[in-house]
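Chemist: See final-v1.txt below, with compact mmCIF, C-alpha atoms (C1' of nucleotides).
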# COMPACT_ATOMS: atom_id res chain seq x y z
CA MET A 1180 40.91 110.79 56.20
CA LEU A 1181 44.02 109.39 55.52
CA PRO A 1182 47.06 107.87 56.33
CA LYS A 1183 47.48 111.11 57.88
CA ASP A 1184 50.53 112.71 56.46
CA TYR A 1185 50.96 114.71 53.28
CA ALA A 1186 54.45 114.77 51.87
CA ASP A 1187 53.59 118.17 50.47
CA GLN A 1188 54.87 119.69 53.72
CA ASN A 1189 55.40 123.20 52.46
CA CYS A 1190 51.83 124.32 52.57
CA SER A 1191 50.17 125.47 55.76
CA ILE A 1192 46.89 123.93 54.66
CA ALA A 1193 48.58 120.54 54.34
CA ARG A 1194 50.04 120.92 57.83
CA VAL A 1195 46.63 121.78 59.25
CA LEU A 1196 45.10 118.75 57.56
CA GLU A 1197 47.70 116.52 59.18
CA LEU A 1198 46.34 117.67 62.55
CA ILE A 1199 42.60 117.84 61.91
CA GLY A 1200 42.08 116.22 58.52
CA GLU A 1201 41.43 112.64 59.54
CA ARG A 1202 37.96 111.21 59.45
CA TRP A 1203 35.86 112.21 62.51
CA THR A 1204 38.34 114.76 63.85
CA VAL A 1205 36.45 117.88 62.76
CA LEU A 1206 33.21 116.52 64.19
CA ILE A 1207 34.96 115.81 67.49
CA LEU A 1208 36.11 119.43 67.54
CA ARG A 1209 32.62 120.68 66.69
CA ASP A 1210 31.24 118.74 69.65
CA ALA A 1211 34.01 120.11 71.87
CA PHE A 1212 32.96 123.66 70.95
CA PHE A 1213 29.37 122.76 71.77
CA GLY A 1214 30.38 121.58 75.24
CA VAL A 1215 30.89 117.85 74.89
CA ARG A 1216 33.84 116.74 77.01
CA ARG A 1217 33.46 113.09 77.95
CA PHE A 1218 34.51 110.02 76.01
CA ALA A 1219 31.12 108.36 76.29
CA ASP A 1220 29.31 111.53 75.15
CA PHE A 1221 31.48 111.92 72.05
CA ALA A 1222 30.99 108.24 71.26
CA GLU A 1223 27.22 108.34 71.61
CA HIS A 1224 26.68 111.66 69.86
CA LEU A 1225 28.90 110.92 66.87
CA GLY A 1226 28.44 107.18 66.46
CA VAL A 1227 32.18 106.88 65.99
CA PRO A 1228 33.77 103.52 66.81
CA ARG A 1229 35.39 103.73 70.23
CA ALA A 1230 38.79 102.62 68.98
CA VAL A 1231 38.80 105.45 66.44
CA LEU A 1232 37.68 107.94 69.06
CA THR A 1233 40.52 106.88 71.36
CA ASP A 1234 43.00 107.40 68.53
CA ARG A 1235 41.64 110.81 67.49
CA LEU A 1236 41.49 112.18 71.02
CA ARG A 1237 45.04 111.07 71.60
CA THR A 1238 46.23 112.79 68.40
CA LEU A 1239 44.44 116.02 69.32
CA VAL A 1240 45.92 115.97 72.83
CA ASP A 1241 49.40 115.21 71.47
CA ASN A 1242 49.13 118.23 69.20
CA GLY A 1243 47.94 120.59 71.92
CA ILE A 1244 44.43 121.11 70.52
CA LEU A 1245 42.67 119.31 73.35
CA ALA A 1246 43.77 118.87 76.94
CA ARG A 1247 42.96 115.79 78.98
CA ARG A 1248 41.83 116.73 82.47
CA ARG A 1249 40.98 114.59 85.47
CA TYR A 1250 37.58 115.53 86.78
CA SER A 1251 37.22 112.68 89.27
CA GLU A 1252 39.86 110.85 91.29
CA GLN A 1253 37.65 108.08 92.63
CA PRO A 1254 36.88 106.59 90.23
CA PRO A 1255 39.54 108.06 87.92
CA ARG A 1256 37.77 109.89 85.11
CA ASP A 1257 39.19 112.18 82.44
CA GLU A 1258 37.55 114.73 80.20
CA TYR A 1259 38.76 116.44 77.05
CA VAL A 1260 38.61 120.22 76.73
CA LEU A 1261 39.76 122.59 74.02
CA THR A 1262 43.01 124.41 74.74
CA ASP A 1263 43.51 128.03 73.65
CA LEU A 1264 45.07 126.64 70.50
CA GLY A 1265 41.99 124.50 69.94
CA VAL A 1266 39.63 127.40 70.55
CA SER A 1267 41.50 129.39 67.93
CA LEU A 1268 40.31 126.87 65.32
CA TRP A 1269 36.79 128.26 65.60
CA PRO A 1270 37.00 130.32 62.39
CA VAL A 1271 37.69 127.13 60.42
CA LEU A 1272 34.65 125.39 61.86
CA TYR A 1273 32.50 128.49 61.50
CA ALA A 1274 33.45 128.88 57.83
CA MET A 1275 32.46 125.28 57.14
CA SER A 1276 29.22 125.69 59.00
CA GLN A 1277 28.31 128.85 57.13
CA TRP A 1278 29.06 127.35 53.75
CA GLY A 1279 26.96 124.32 54.58
CA GLU A 1280 24.06 126.39 55.84
CA ALA A 1281 24.19 128.63 52.77
CA HIS A 1282 24.47 125.91 50.15
CA LEU A 1283 23.25 122.62 51.59
CA SER A 1284 20.36 123.50 53.87
CA ALA A 1285 17.02 124.11 52.22
CA GLY A 1286 14.59 125.89 54.52
CA GLY A 1287 17.07 128.14 56.28
CA PRO A 1288 19.82 127.49 58.79
CA ARG A 1289 19.72 124.61 61.26
CA ARG A 1290 21.68 126.61 63.79
CA VAL A 1291 22.35 130.30 64.28
CA PHE A 1292 25.18 131.98 66.13
CA ARG A 1293 24.91 135.27 68.00
CA HIS A 1294 27.20 137.68 69.81
CA ALA A 1295 26.67 136.97 73.51
CA ALA A 1296 27.25 140.61 74.45
CA CYS A 1297 24.45 142.05 72.32
CA GLY A 1298 22.41 139.15 70.96
CA THR A 1299 22.99 140.12 67.33
CA GLY A 1300 23.37 137.35 64.77
CA LEU A 1301 26.87 136.97 63.36
CA ASP A 1302 27.54 137.56 59.68
CA ALA A 1303 29.04 135.01 57.30
CA HIS A 1304 32.55 135.94 58.44
CA GLY A 1305 31.88 135.63 62.17
CA PHE A 1306 31.59 139.37 62.78
CA CYS A 1307 28.98 141.07 64.88
CA PRO A 1308 27.40 143.61 62.51
CA ARG A 1309 26.26 145.76 65.40
CA CYS A 1310 29.47 145.91 67.41
CA ARG A 1311 31.61 145.77 64.22
CA THR A 1312 33.98 143.35 65.82
CA ALA A 1313 35.22 139.81 65.29
CA VAL A 1314 33.64 137.51 67.85
CA PRO A 1315 35.84 134.79 69.35
CA ALA A 1316 34.32 131.41 70.18
CA PRO A 1317 33.87 132.05 73.92
CA ASP A 1318 31.64 135.05 73.11
CA VAL A 1319 29.37 133.13 70.75
CA VAL A 1320 25.91 131.87 71.64
CA MET A 1321 24.43 129.07 69.58
CA ASP A 1322 20.69 128.74 69.05
CA ASP A 1323 18.29 126.71 66.92
CA GLY A 1324 17.52 128.05 63.47
CA PRO A 1325 14.34 127.53 61.43
CA ALA A 1326 15.59 124.18 60.11
CA ALA A 1327 16.76 122.85 63.47
CA PRO A 1328 16.78 119.06 63.54
CA ALA A 1329 14.98 116.88 66.07
CA ARG A 1330 17.01 115.96 69.14
CA ASP A 1331 17.04 112.22 68.75
CA ASN A 1332 19.54 111.02 71.31
CA ARG A 1333 20.47 111.63 74.91
CA VAL A 1334 23.47 113.81 74.21
CA SER A 1335 21.51 115.99 71.77
CA ARG A 1336 18.85 116.52 74.40
CA ARG A 1337 21.45 117.66 76.91
CA LEU A 1338 22.78 120.07 74.30
CA THR A 1339 20.17 122.68 75.16
CA VAL A 1340 19.94 126.06 73.45
CA PRO A 1341 20.56 128.94 73.64
CA ARG A 1342 24.00 127.80 74.70
CA ARG A 1343 27.25 129.68 74.94
CA LEU A 1344 30.06 127.85 73.16
CA LEU A 1345 32.45 125.86 75.35
CA THR A 1346 29.92 125.61 78.17
CA PRO A 1347 30.05 122.00 79.38
CA LEU A 1348 27.02 119.76 78.99
CA ALA A 1349 24.94 119.41 82.12
CA ASP A 1350 24.31 115.85 83.31
CA MET B 130 39.60 109.73 55.79
CA LEU B 131 36.87 107.66 55.34
CA PRO B 132 34.14 105.87 54.21
CA LYS B 133 32.78 109.14 53.40
CA ASP B 134 29.41 109.51 55.00
CA TYR B 135 28.46 110.62 58.49
CA ALA B 136 25.14 109.35 59.76
CA ASP B 137 24.95 112.50 61.87
CA GLN B 138 23.18 114.19 58.95
CA ASN B 139 21.65 117.04 60.90
CA CYS B 140 24.72 119.18 61.13
CA SER B 141 25.85 121.41 58.32
CA ILE B 142 29.47 120.74 59.18
CA ALA B 143 28.90 117.01 58.74
CA ARG B 144 27.29 117.63 55.36
CA VAL B 145 30.22 119.75 54.25
CA LEU B 146 32.64 117.05 55.33
CA GLU B 147 30.79 114.53 53.21
CA LEU B 148 31.63 116.69 50.19
CA ILE B 149 35.16 117.85 50.96
CA GLY B 150 36.25 115.79 53.96
CA GLU B 151 37.92 112.86 52.23
CA ARG B 152 41.66 112.56 52.13
CA TRP B 153 43.26 114.76 49.42
CA THR B 154 40.09 116.67 48.56
CA VAL B 155 40.99 119.91 50.34
CA LEU B 156 44.45 119.91 48.77
CA ILE B 157 42.89 119.41 45.34
CA LEU B 158 40.70 122.44 46.00
CA ARG B 159 43.68 124.47 47.21
CA ASP B 160 45.48 123.70 43.96
CA ALA B 161 42.37 124.60 41.98
CA PHE B 162 42.31 128.04 43.65
CA PHE B 163 45.99 128.46 42.79
CA GLY B 164 45.29 127.76 39.12
CA VAL B 165 45.94 124.05 38.69
CA ARG B 166 43.40 122.57 36.26
CA ARG B 167 44.85 119.48 34.61
CA PHE B 168 44.82 115.91 35.82
CA ALA B 169 48.54 115.44 35.35
CA ASP B 170 49.34 118.70 37.17
CA PHE B 171 47.25 117.77 40.19
CA ALA B 172 48.84 114.32 40.23
CA GLU B 173 52.39 115.61 40.05
CA HIS B 174 51.95 118.50 42.45
CA LEU B 175 50.14 116.53 45.15
CA GLY B 176 51.72 113.10 44.79
CA VAL B 177 48.25 111.61 45.04
CA PRO B 178 47.70 108.17 43.49
CA ARG B 179 46.01 108.59 40.14
CA ALA B 180 43.12 106.29 41.01
CA VAL B 181 42.35 108.39 44.08
CA LEU B 182 42.61 111.60 42.07
CA THR B 183 40.14 110.24 39.52
CA ASP B 184 37.71 109.39 42.30
CA ARG B 185 38.02 112.75 44.08
CA LEU B 186 37.66 114.81 40.92
CA ARG B 187 34.57 112.83 40.00
CA THR B 188 33.04 113.41 43.44
CA LEU B 189 33.74 117.14 43.27
CA VAL B 190 32.25 117.38 39.77
CA ASP B 191 29.19 115.35 40.83
CA ASN B 192 28.62 117.77 43.69
CA GLY B 193 28.95 120.88 41.56
CA ILE B 194 32.17 122.13 43.14
CA LEU B 195 34.32 121.57 40.06
CA ALA B 196 33.30 121.57 36.41
CA ARG B 197 34.95 119.39 33.81
CA ARG B 198 35.65 121.32 30.65
CA ARG B 199 37.05 120.22 27.31
CA TYR B 200 39.99 122.39 26.39
CA SER B 201 41.15 120.42 23.34
CA GLU B 202 39.18 118.36 20.86
CA GLN B 203 42.15 116.76 19.08
CA PRO B 204 43.36 115.07 21.16
CA PRO B 205 40.40 115.12 23.59
CA ARG B 206 41.58 116.75 26.81
CA ASP B 207 39.57 117.87 29.82
CA GLU B 208 40.41 120.26 32.62
CA TYR B 209 38.81 120.83 36.00
CA VAL B 210 37.82 124.33 37.09
CA LEU B 211 36.07 125.62 40.19
CA THR B 212 32.40 126.50 39.76
CA ASP B 213 30.87 129.50 41.55
CA LEU B 214 29.90 127.07 44.29
CA GLY B 215 33.49 125.89 44.50
CA VAL B 216 34.85 129.43 44.58
CA SER B 217 32.53 130.17 47.49
CA LEU B 218 34.51 127.64 49.55
CA TRP B 219 37.45 130.06 49.69
CA PRO B 220 36.73 131.25 53.25
CA VAL B 221 37.07 127.68 54.50
CA LEU B 222 40.47 127.26 52.83
CA TYR B 223 41.59 130.72 53.89
CA ALA B 224 40.69 130.05 57.53
CA MET B 225 42.75 126.85 57.50
CA SER B 226 45.65 128.58 55.87
CA GLN B 227 45.62 131.44 58.38
CA TRP B 228 45.46 129.11 61.34
CA GLY B 229 48.35 127.08 59.98
CA GLU B 230 50.45 130.15 59.27
CA ALA B 231 49.74 131.57 62.72
CA HIS B 232 50.38 128.41 64.72
CA LEU B 233 52.49 126.00 62.68
CA SER B 234 54.90 128.17 60.73
CA ALA B 235 57.96 129.40 62.57
CA GLY B 236 59.67 132.28 60.78
CA GLY B 237 56.58 133.99 59.44
CA PRO B 238 54.06 133.07 56.77
CA ARG B 239 54.95 130.93 53.76
CA ARG B 240 52.39 132.71 51.65
CA VAL B 241 50.63 136.05 51.89
CA PHE B 242 47.35 137.14 50.34
CA ARG B 243 46.56 140.66 49.17
CA HIS B 244 43.61 142.59 47.85
CA ALA B 245 44.20 142.84 44.09
CA ALA B 246 42.52 146.26 43.89
CA CYS B 247 44.83 148.01 46.38
CA GLY B 248 47.69 145.65 47.18
CA THR B 249 46.96 145.62 50.92
CA GLY B 250 47.51 142.38 52.84
CA LEU B 251 44.33 140.69 54.02
CA ASP B 252 43.64 140.28 57.72
CA ALA B 253 43.04 136.96 59.47
CA HIS B 254 39.38 137.01 58.42
CA GLY B 255 40.00 137.68 54.73
CA PHE B 256 39.11 141.37 54.91
CA CYS B 257 41.03 144.18 53.30
CA PRO B 258 41.85 146.53 56.19
CA ARG B 259 42.21 149.48 53.85
CA CYS B 260 39.03 149.06 51.80
CA ARG B 261 37.14 147.63 54.81
CA THR B 262 35.56 145.00 52.68
CA ALA B 263 35.46 141.22 52.43
CA VAL B 264 37.59 140.09 49.50
CA PRO B 265 36.25 137.20 47.40
CA ALA B 266 38.70 134.69 45.95
CA PRO B 267 38.83 136.20 42.43
CA ASP B 268 40.06 139.50 43.92
CA VAL B 269 42.87 137.91 45.91
CA VAL B 270 46.53 137.96 44.90
CA MET B 271 48.85 135.35 46.39
CA ASP B 272 52.54 136.07 46.97
CA ASP B 273 55.50 134.48 48.71
CA GLY B 274 55.94 135.25 52.39
CA PRO B 275 59.19 135.28 54.38
CA ALA B 276 59.06 131.52 54.94
CA ALA B 277 58.23 130.63 51.34
CA PRO B 278 59.34 127.10 50.49
CA ALA B 279 61.64 126.13 47.64
CA ARG B 280 59.90 125.29 44.38
CA ASP B 281 61.00 121.72 44.00
CA ASN B 282 58.92 120.35 41.18
CA ARG B 283 57.75 121.40 37.76
CA VAL B 284 54.24 122.38 38.78
CA SER B 285 55.53 124.49 41.68
CA ARG B 286 57.83 126.34 39.32
CA ARG B 287 54.93 127.13 37.00
CA LEU B 288 53.01 128.44 40.01
CA THR B 289 54.65 131.85 39.75
CA VAL B 290 53.92 134.70 42.13
CA PRO B 291 52.47 137.23 42.52
CA ARG B 292 49.49 135.37 41.15
CA ARG B 293 45.81 136.19 41.18
CA LEU B 294 43.74 133.26 42.45
CA LEU B 295 41.99 131.15 39.81
CA THR B 296 44.40 132.26 37.08
CA PRO B 297 45.34 129.11 35.15
CA LEU B 298 48.91 127.86 35.19
CA ALA B 299 50.92 128.80 32.15
CA ASP B 300 52.55 125.91 30.27
C1' DC C 1404 28.06 90.02 99.81
C1' DC C 1405 26.13 89.98 95.28
C1' DC C 1406 24.19 92.31 91.35
C1' DG C 1407 23.68 95.89 88.11
C1' DG C 1408 25.17 100.10 86.09
C1' DT C 1409 28.46 103.73 84.43
C1' DA C 1410 32.78 105.38 82.50
C1' DA C 1411 36.60 104.78 79.73
C1' DG C 1412 38.73 102.20 77.33
C1' DT C 1413 41.06 97.65 74.59
C1' DT C 1414 40.89 93.68 71.43
C1' DC C 1415 39.96 91.55 67.26
C1' DA C 1416 37.95 89.69 62.91
C1' DT C 1417 35.76 91.70 58.90
C1' DT C 1418 35.21 95.12 55.64
C1' DG C 1419 36.66 98.93 53.00
C1' DA C 1420 40.04 102.56 51.36
C1' DT C 1421 44.63 103.90 49.89
C1' DT C 1422 48.85 103.06 47.61
C1' DG C 1423 52.02 102.47 43.83
C1' DA C 1424 53.34 100.19 39.92
C1' DA C 1425 52.03 98.71 35.52
C1' DC C 1426 49.24 99.12 31.60
C1' DC C 1427 46.36 101.47 27.87
C1' DG C 1428 44.72 104.38 23.84
C1' DA C 1429 44.98 108.49 21.28
C1' DT C 1430 47.78 111.95 19.48
C1' DG C 1431 51.89 114.71 18.18
C1' DG C 1432 56.64 115.47 17.08
C1' DA C 1433 61.43 114.14 15.58
C1' DT D 210 59.14 104.38 13.24
C1' DC D 211 59.96 105.60 17.88
C1' DC D 212 59.26 108.20 21.90
C1' DA D 213 56.70 111.33 24.84
C1' DT D 214 52.41 113.44 26.80
C1' DC D 215 47.78 113.36 28.60
C1' DG D 216 44.25 111.26 31.04
C1' DG D 217 43.12 107.84 32.69
C1' DT D 218 42.18 102.19 34.39
C1' DT D 219 43.58 97.84 36.69
C1' DC D 220 45.24 95.22 40.36
C1' DA D 221 47.73 93.17 44.36
C1' DA D 222 49.40 94.57 48.79
C1' DT D 223 48.97 97.44 52.65
C1' DC D 224 46.64 100.18 55.87
C1' DA D 225 42.54 102.10 58.29
C1' DA D 226 37.69 101.89 59.90
C1' DT D 227 33.94 99.30 61.77
C1' DG D 228 31.26 97.10 65.34
C1' DA D 229 30.74 93.68 68.64
C1' DA D 230 32.57 91.70 72.63
C1' DC D 231 35.44 92.11 76.52
C1' DT D 232 37.95 94.54 80.56
C1' DT D 233 38.89 97.27 84.66
C1' DA D 234 37.42 100.29 88.39
C1' DC D 235 34.23 102.09 90.95
C1' DC D 236 29.46 103.14 93.05
C1' DG D 237 24.95 102.13 94.98
C1' DG D 238 21.19 99.14 96.40
C1' DG D 239 19.22 95.17 98.59
Once more with this new file: its structure as structure tokens, please.
Modeler:
Amino acid sequence: MLPKDYADQNCSIARVLELIGERWTVLILRDAFFGVRRFADFAEHLGVPRAVLTDRLRTLVDNGILARRRYSEQPPRDEYVLTDLGVSLWPVLYAMSQWGEAHLSAGGPRRVFRHAACGTGLDAHGFCPRCRTAVPAPDVVMDDGPAAPARDNRVSRRLTVPRRLLTPLAD
Amino acid sequence: MLPKDYADQNCSIARVLELIGERWTVLILRDAFFGVRRFADFAEHLGVPRAVLTDRLRTLVDNGILARRRYSEQPPRDEYVLTDLGVSLWPVLYAMSQWGEAHLSAGGPRRVFRHAACGTGLDAHGFCPRCRTAVPAPDVVMDDGPAAPARDNRVSRRLTVPRRLLTPLAD
DNA sequence: CCCGGTAAGTTCATTGATTGAACCGATGGA
DNA sequence: TCCATCGGTTCAATCAATGAACTTACCGGG
């Protein structure tokens, strides 16, 4: 979105939008929750221009939402993983997902989310109805729903389900 | 943000972002929940360029999130109010607000939200801990928190608290 | 040694969006 | 008559996004 700042500094929603409100940023975070970590995988999966991806990853790292980690010294290679602060954004993403599934997806949900501990589907608020507890992102398992889309690119095919959130993509 | 579309059509989050992901849109919705309805009030409160406001309001109306209603025939004057579909976006806004208050606001929350029926503060998920129930936007009362900002413009001053969400601004 | 491939970027010209100031038309009030 | 309000539109200048090409470092094979 935006030149990114909102003068309307007083509101916490405006402050959040300054961190995650730019175009592509929320989709980058969604992919990070699903296990995408590498620059090339984000670029291929999202179709985002590489220059924009570079900028967004840098902003997220600067704000402590992602961490850049070296996973290979020779050759030098970095990956981007959600920090604890980043993981705590899950309720925002989940709320968007649920609204979209409820109001924009004819034929049922594309994806469903379950409590890893018991396998029960989460409710609209991210609670496990069986355990009567809020389920944080690391305890969520994602699976295909009845309206699951075709996996039409290499990254999508590596994004196998059922899959626990934050589990890195296999090669 | 953006040219507004995301080719990655398969994901419900991407679809939601196509509706509410452009710059300013979420802040327009926030104001609509707080009771702002008129073009001039949105423009003054947000500091958004009028041409952009026109475009965003039109997009939201076209997608059924806001409704345009005539509130005066002579002179002809329209206002913008949330539809039921728009009101159902509250959990998305609430999740953003809670994350911002928890992680970006030193000195406690700027705003607090209570269950209108019992006066109890809502938890991080929008539940009333006393009634053990999810609280929809029309049953939420907003109030100043310990870090409440100064009211530095005319619209802010008309945004009195405590205030039930969706209650229109008085003149 | 040379060639091809992968990963993670950078550069740059073109296109598109945002900004802010100015303008407009209808009405209402002093 | 003059000024103000409301709800916009218009337009030039600025800023951001796009996509293709290029770069650097390394690895593996022949």
Chemist: Between CA of His1224 in chain A and CA of Asp1210 in chain A, measure the distance and give it in Å to one decimal.
Modeler: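 For CA of His1224 in chain A relative to CA of Asp1210 in chain A, the distance reads 8.4 Å.
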Chemist: Tell me as number ranges by chain which residues belonging to chain B come within 12 Å of chain C, counting all atoms listed in the file.
Modeler: B: 130-133, 151-153, 176-182, 184, 201-206
Chemist: Could the residues in this selection be written to a file with C-alpha atoms, as a PDB file, keeping the file's coordinate frame?
Modeler:
ATOM      1  CA  MET B 130      39.600 109.730  55.790  1.00  0.00           C
ATOM      2  CA  LEU B 131      36.870 107.660  55.340  1.00  0.00           C
ATOM      3  CA  PRO B 132      34.140 105.870  54.210  1.00  0.00           C
ATOM      4  CA  LYS B 133      32.780 109.140  53.400  1.00  0.00           C
ATOM      5  CA  GLU B 151      37.920 112.860  52.230  1.00  0.00           C
ATOM      6  CA  ARG B 152      41.660 112.560  52.130  1.00  0.00           C
ATOM      7  CA  TRP B 153      43.260 114.760  49.420  1.00  0.00           C
ATOM      8  CA  GLY B 176      51.720 113.100  44.790  1.00  0.00           C
ATOM      9  CA  VAL B 177      48.250 111.610  45.040  1.00  0.00           C
ATOM     10  CA  PRO B 178      47.700 108.170  43.490  1.00  0.00           C
ATOM     11  CA  ARG B 179      46.010 108.590  40.140  1.00  0.00           C
ATOM     12  CA  ALA B 180      43.120 106.290  41.010  1.00  0.00           C
ATOM     13  CA  VAL B 181      42.350 108.390  44.080  1.00  0.00           C
ATOM     14  CA  LEU B 182      42.610 111.600  42.070  1.00  0.00           C
ATOM     15  CA  ASP B 184      37.710 109.390  42.300  1.00  0.00           C
ATOM     16  CA  SER B 201      41.150 120.420  23.340  1.00  0.00           C
ATOM     17  CA  GLU B 202      39.180 118.360  20.860  1.00  0.00           C
ATOM     18  CA  GLN B 203      42.150 116.760  19.080  1.00  0.00           C
ATOM     19  CA  PRO B 204      43.360 115.070  21.160  1.00  0.00           C
ATOM     20  CA  PRO B 205      40.400 115.120  23.590  1.00  0.00           C
ATOM     21  CA  ARG B 206      41.580 116.750  26.810  1.00  0.00           C
TER      22      ARG B 206
END
Chemist: Counting only C-alpha atoms, what are the residues of chain A within 6 Å of chain B, and for each of them which pair of atoms is the nearest and at what distance in Å, to one decimal? Sort the table by chain and rising number, as a Markdown table.
Modeler:
| residue | atom | partner | partner_atom | distance |
| --- | --- | --- | --- | --- |
| A:Met1180 | CA | B:Met130 | CA | 1.7 |
| A:Leu1181 | CA | B:Met130 | CA | 4.4 |
| A:Asn1189 | CA | B:Pro278 | CA | 5.9 |
| A:Ser1191 | CA | B:Gly229 | CA | 4.9 |
| A:Ile1192 | CA | B:Ser226 | CA | 5.0 |
| A:Val1195 | CA | B:Gly229 | CA | 5.6 |
| A:Glu1201 | CA | B:Met130 | CA | 5.1 |
| A:Arg1202 | CA | B:Met130 | CA | 4.3 |
| A:Val1271 | CA | B:Ala224 | CA | 5.1 |
| A:Ala1274 | CA | B:Val221 | CA | 5.1 |
| A:Met1275 | CA | B:Ile142 | CA | 5.8 |
| A:Ser1276 | CA | B:Ile142 | CA | 5.0 |
| A:Gly1279 | CA | B:Ser141 | CA | 4.9 |
| A:Glu1280 | CA | B:Ser141 | CA | 5.8 |
| A:Pro1328 | CA | B:Asn139 | CA | 5.9 |
Chemist: Please enclose the listed atoms of range 216-232 of chain D in an axis-aligned box, pad each side by 6 Å, and write out the centre and the three edge lengths in Å, rounded to one decimal, as AutoDock Vina command-line options.
Modeler:
--center_x 40.1 --center_y 101.5 --center_z 55.8 --size_x 30.7 --size_y 31.6 --size_z 61.5
Chemist: For chain D against chain B, which residues fall within 9 Å using all atoms listed in the file, given as a list of chain:residue names?
Modeler: D:DC215, D:DG216, D:DG217, D:DT218, D:DA225, D:DA226
Chemist: As an exercise, work out the distance from CA of Arg243 in chain B to CA of Pro258 in chain B in Å and give it to one decimal place.
Modeler: 10.3 Å
Chemist: Interatomic distance between CA of Thr262 in chain B and CA of Ile157 in chain B?
Modeler: 27.6 Å
